[in-house]
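Novice: The file below is my_file35.csv, CSV, C-alpha atoms:
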chain,number,residue,atom,x,y,z
A,185,MET,CA,34.7,88.4,39.3
A,186,PRO,CA,34.5,84.7,40.0
A,187,ILE,CA,35.6,83.1,43.3
A,188,HIS,CA,38.8,81.2,42.9
A,189,LYS,CA,40.2,78.3,44.9
A,190,PRO,CA,42.9,79.5,47.4
A,191,ASP,CA,46.3,78.8,46.1
A,192,LYS,CA,49.9,80.1,46.0
A,193,VAL,CA,49.0,83.0,43.9
A,194,LEU,CA,49.8,85.8,46.2
A,195,LEU,CA,50.6,88.8,44.1
A,196,HIS,CA,51.3,86.6,41.0
A,197,HIS,CA,48.6,88.3,39.1
A,198,ILE,CA,50.5,91.6,39.1
A,199,PRO,CA,52.3,92.0,35.8
A,200,LEU,CA,55.4,93.7,37.2
A,201,LYS,CA,58.5,91.4,37.0
A,202,PHE,CA,60.4,92.8,39.9
A,203,VAL,CA,57.4,92.3,42.3
A,204,ARG,CA,57.1,88.7,41.0
A,205,GLY,CA,60.8,88.2,41.7
A,206,LYS,CA,60.6,89.6,45.2
A,207,VAL,CA,57.6,87.5,46.1
A,208,ALA,CA,59.0,84.2,44.7
A,209,GLY,CA,62.4,84.8,46.2
A,210,GLY,CA,64.1,85.4,42.8
A,211,GLY,CA,66.4,82.4,43.1
A,212,ARG,CA,68.6,84.2,45.6
A,213,LYS,CA,69.8,83.0,49.0
A,214,ALA,CA,67.6,83.8,52.0
A,215,LEU,CA,68.5,86.9,54.0
A,216,ASP,CA,68.2,85.2,57.4
A,217,ALA,CA,71.2,83.1,58.3
A,218,ASN,CA,71.5,80.4,60.9
A,219,ILE,CA,74.0,81.1,63.7
A,220,PRO,CA,76.3,78.1,64.3
A,221,LEU,CA,76.0,77.8,68.1
A,222,VAL,CA,78.4,74.9,68.7
A,223,PRO,CA,81.5,76.6,67.3
A,224,PHE,CA,80.5,79.8,69.2
A,225,ILE,CA,80.2,77.9,72.5
A,226,ASP,CA,83.5,76.2,71.8
A,227,PHE,CA,85.1,79.6,71.3
A,228,LEU,CA,83.7,81.0,74.5
A,229,ILE,CA,84.8,78.0,76.5
A,230,THR,CA,88.3,78.3,75.1
A,231,LEU,CA,88.4,82.0,76.0
A,232,VAL,CA,87.2,81.4,79.6
A,233,VAL,CA,89.8,78.6,80.1
A,234,PHE,CA,92.6,80.9,78.7
A,235,LEU,CA,91.6,83.8,81.0
A,236,LEU,CA,91.4,81.5,84.0
A,237,SER,CA,94.8,80.0,83.3
A,238,SER,CA,96.5,83.3,82.8
A,239,PHE,CA,94.9,84.9,86.0
A,240,SER,CA,97.3,85.1,88.9
A,241,ALA,CA,95.6,84.7,92.3
A,242,SER,CA,98.6,86.0,94.2
A,243,GLY,CA,99.1,88.9,91.9
A,244,GLU,CA,102.4,90.7,91.1
A,245,LEU,CA,102.5,93.7,93.4
A,246,ILE,CA,106.0,94.8,92.5
A,247,ALA,CA,107.5,95.0,89.0
A,248,GLN,CA,111.3,95.1,89.3
A,249,ARG,CA,112.6,98.3,87.6
A,250,ALA,CA,115.5,98.0,85.1
A,251,GLY,CA,118.8,98.6,86.7
A,252,LEU,CA,117.6,97.6,90.2
A,253,THR,CA,119.0,94.4,91.6
A,254,MET,CA,117.1,93.3,94.7
A,255,PRO,CA,118.8,91.2,97.4
A,256,SER,CA,117.9,87.5,97.7
A,257,ALA,CA,116.4,85.7,100.7
A,258,THR,CA,115.5,82.1,101.5
A,259,ASN,CA,112.7,82.9,104.1
A,260,ALA,CA,110.1,85.1,102.4
A,261,VAL,CA,106.4,85.7,102.6
A,262,GLU,CA,103.9,87.1,100.1
A,263,LEU,CA,103.7,90.9,100.1
A,264,GLU,CA,100.4,92.6,100.8
A,265,LEU,CA,99.1,95.7,99.0
A,266,ALA,CA,100.9,98.7,100.4
A,267,PRO,CA,102.7,101.8,99.3
A,268,ILE,CA,106.0,100.9,97.6
A,269,VAL,CA,109.2,103.0,98.1
A,270,GLN,CA,111.8,102.2,95.4
A,271,ILE,CA,115.4,103.1,96.0
A,272,ASP,CA,117.9,102.9,93.1
A,273,SER,CA,121.3,104.5,92.5
A,274,ARG,CA,119.7,107.8,91.2
A,275,VAL,CA,116.4,108.4,92.9
A,276,VAL,CA,114.0,107.5,95.7
A,277,THR,CA,110.4,107.1,94.5
A,278,LEU,CA,107.0,106.4,96.2
A,279,ASP,CA,104.6,104.5,93.9
A,280,GLY,CA,106.6,105.9,90.9
A,281,ARG,CA,106.7,109.5,92.0
A,282,ARG,CA,110.1,111.1,92.7
A,283,MET,CA,110.8,111.9,96.4
A,284,ALA,CA,114.5,112.6,96.6
A,285,ASP,CA,117.9,112.0,95.1
A,286,THR,CA,119.9,109.1,96.4
A,287,GLN,CA,123.3,110.8,96.1
A,288,THR,CA,122.1,113.8,98.2
A,289,LEU,CA,120.8,111.5,100.9
A,290,ALA,CA,124.0,109.4,100.9
A,291,ALA,CA,126.2,112.5,101.2
A,292,ASN,CA,124.8,113.5,104.6
A,293,ALA,CA,125.6,111.1,107.4
A,294,GLY,CA,123.1,112.5,109.8
A,295,LEU,CA,119.6,111.0,110.4
A,296,GLU,CA,117.1,113.3,108.8
A,297,ARG,CA,113.6,112.8,107.4
A,298,ILE,CA,112.6,113.1,103.8
A,299,GLU,CA,109.9,115.7,104.0
A,300,GLN,CA,108.3,115.0,100.6
A,301,LEU,CA,108.1,111.3,101.4
A,302,VAL,CA,106.6,111.9,104.9
A,303,GLN,CA,104.0,114.3,103.4
A,304,ASP,CA,102.9,111.8,100.7
A,305,LEU,CA,102.8,108.9,103.1
A,306,GLU,CA,100.7,110.9,105.6
A,307,THR,CA,98.3,111.7,102.7
A,308,LEU,CA,98.0,108.0,101.8
A,309,ARG,CA,97.3,107.2,105.5
A,310,ARG,CA,94.6,109.9,105.7
A,311,ASN,CA,93.0,108.5,102.5
A,312,TRP,CA,93.1,105.0,103.8
A,313,ASN,CA,91.4,106.1,107.0
A,314,ILE,CA,88.7,107.8,105.0
A,315,LEU,CA,88.2,104.8,102.7
A,316,HIS,CA,88.3,102.2,105.6
A,317,PRO,CA,86.7,104.0,108.6
A,318,ARG,CA,86.0,100.8,110.6
A,319,GLU,CA,89.3,99.1,110.1
A,320,PRO,CA,92.5,99.8,112.0
A,321,PHE,CA,95.4,101.3,109.9
A,322,PRO,CA,97.9,98.5,109.2
A,323,GLY,CA,100.9,101.0,108.7
A,324,THR,CA,102.6,98.8,106.1
A,325,VAL,CA,105.1,100.1,103.6
A,326,ILE,CA,107.2,98.1,101.2
A,327,ILE,CA,110.8,99.1,100.5
A,328,GLN,CA,112.4,97.9,97.2
A,329,ALA,CA,116.0,98.8,97.3
A,330,ASP,CA,119.0,98.0,95.2
A,331,ARG,CA,121.7,95.7,96.7
A,332,ALA,CA,124.4,98.4,96.3
A,333,ILE,CA,122.5,101.2,98.1
A,334,ASP,CA,124.2,102.7,101.1
A,335,PHE,CA,122.4,101.7,104.3
A,336,ARG,CA,122.2,105.4,105.4
A,337,VAL,CA,119.8,106.1,102.5
A,338,ILE,CA,117.6,103.1,103.5
A,339,LYS,CA,117.8,104.2,107.2
A,340,LYS,CA,116.5,107.7,106.2
A,341,VAL,CA,113.7,106.2,104.2
A,342,MET,CA,112.7,103.9,107.2
A,343,PHE,CA,112.9,106.8,109.6
A,344,SER,CA,110.7,108.9,107.3
A,345,ALA,CA,108.2,106.1,107.0
A,346,ALA,CA,108.1,105.7,110.8
A,347,GLN,CA,107.6,109.5,111.2
A,348,ALA,CA,104.5,109.2,108.8
A,349,GLY,CA,103.0,106.5,110.9
A,350,TYR,CA,104.1,103.4,109.0
A,351,SER,CA,105.7,101.1,111.6
A,352,ASN,CA,105.4,97.9,109.6
A,353,ILE,CA,108.2,98.0,107.0
A,354,SER,CA,108.7,95.1,104.6
A,355,PHE,CA,111.6,94.6,102.2
A,356,ALA,CA,111.0,93.3,98.7
A,357,VAL,CA,113.5,90.5,97.9
A,358,ASN,CA,114.0,87.9,95.2
A,359,GLU,CA,113.1,84.5,96.8
A,360,THR,CA,115.7,81.8,96.5
A,361,GLY,CA,115.1,78.1,97.0
A,362,GLY,CA,115.5,77.1,100.6
A,363,ASP,CA,115.0,73.9,102.7
Transcribe the structure of this file into structure tokens.
Specialist:
Amino acid sequence: MPIHKPDKVLLHHIPLKFVRGKVAGGGRKALDANIPLVPFIDFLITLVVFLLSSFSASGELIAQRAGLTMPSATNAVELELAPIVQIDSRVVTLDGRRMADTQTLAANAGLERIEQLVQDLETLRRNWNILHPREPFPGTVIIQADRAIDFRVIKKVMFSAAQAGYSNISFAVNETGGD
């Protein structure tokens, strides 16, 4: 066999047509595709700008429940993260869990504590002390009450919160424009 000059003859001497087509590319498009980086980077920048513009730094702690009309106030401060007691015309809830019926609490004029509410708030206080051992307990609870609720019900909720060790009580209100 004579020595040949090196050339583009890789596997061209094999008489099989499909091998010749695979080696030569067969006139088809290449399998590797270029990734268009500029549109991809534009998409990522748009996504980051959208997420940053829709992020709320203050955060919405309280979502107003349907059928609950909160009172308005001109002097208001931002609420901090705390357990939320919601009082409407039917039920008293703590972070969405039912504690008592509003009609039952309004029927009795005496000052009494709501046992389920006291127990759940004490559990939250113990959990907070376990999770934050070096920090003092703030004792903050937020009351979100309907405008038409009898004050005796709100008074019983406040008394129950104080019995559970929550002495800092805040009321959720709708802020109106002031001076």
Novice: Could you check the closest approach to Ile268 of chain A for each of A:Ile219, A:Ile338, A:Ala348, A:Ile326 and tell me which residue wins, using all atoms listed in the file?
Specialist: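 Residue with the minimum atom-to-atom distance to Ile268 of chain A: A:Ile326.
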Novice: With all atoms listed in the file counted, which protein, DNA or RNA residues have an atom no more than 12 Å from (119.3, 112.2, 93.5) in the file frame? Please answer as a PyMOL selection string.
Specialist: chain A and resi 271-277+282-291+337
Novice: What is the distance, in Å and to one decimal place, between atom CA of Leu278 of chain A and atom CA of Ser238 of chain A?
Specialist: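 According to the coordinates, atom CA of Leu278 of chain A and atom CA of Ser238 of chain A are separated by 28.7 Å.
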Novice: Which distance in Å separates atom CA of Glu296 of chain A and atom CA of Phe335 of chain A, to one decimal?
Specialist: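 Going from atom CA of Glu296 of chain A over to atom CA of Phe335 of chain A covers 13.5 Å.
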Novice: Determine the nearest neighbour of Arg310 of chain A from the options A:Pro186, A:Pro223, A:Gly349, A:Gly280, counting all atoms listed in the file.
Specialist: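 Closest to Arg310 of chain A, using all atoms listed in the file: A:Gly349.
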Novice: From (107.8, 108.3, 103.7), in the file's coordinates, out to 9 Å: which residues are reached, counting all atoms listed in the file? Answer as number ranges by chain.
Specialist: A: 269, 278, 283, 297-306, 325, 341-350
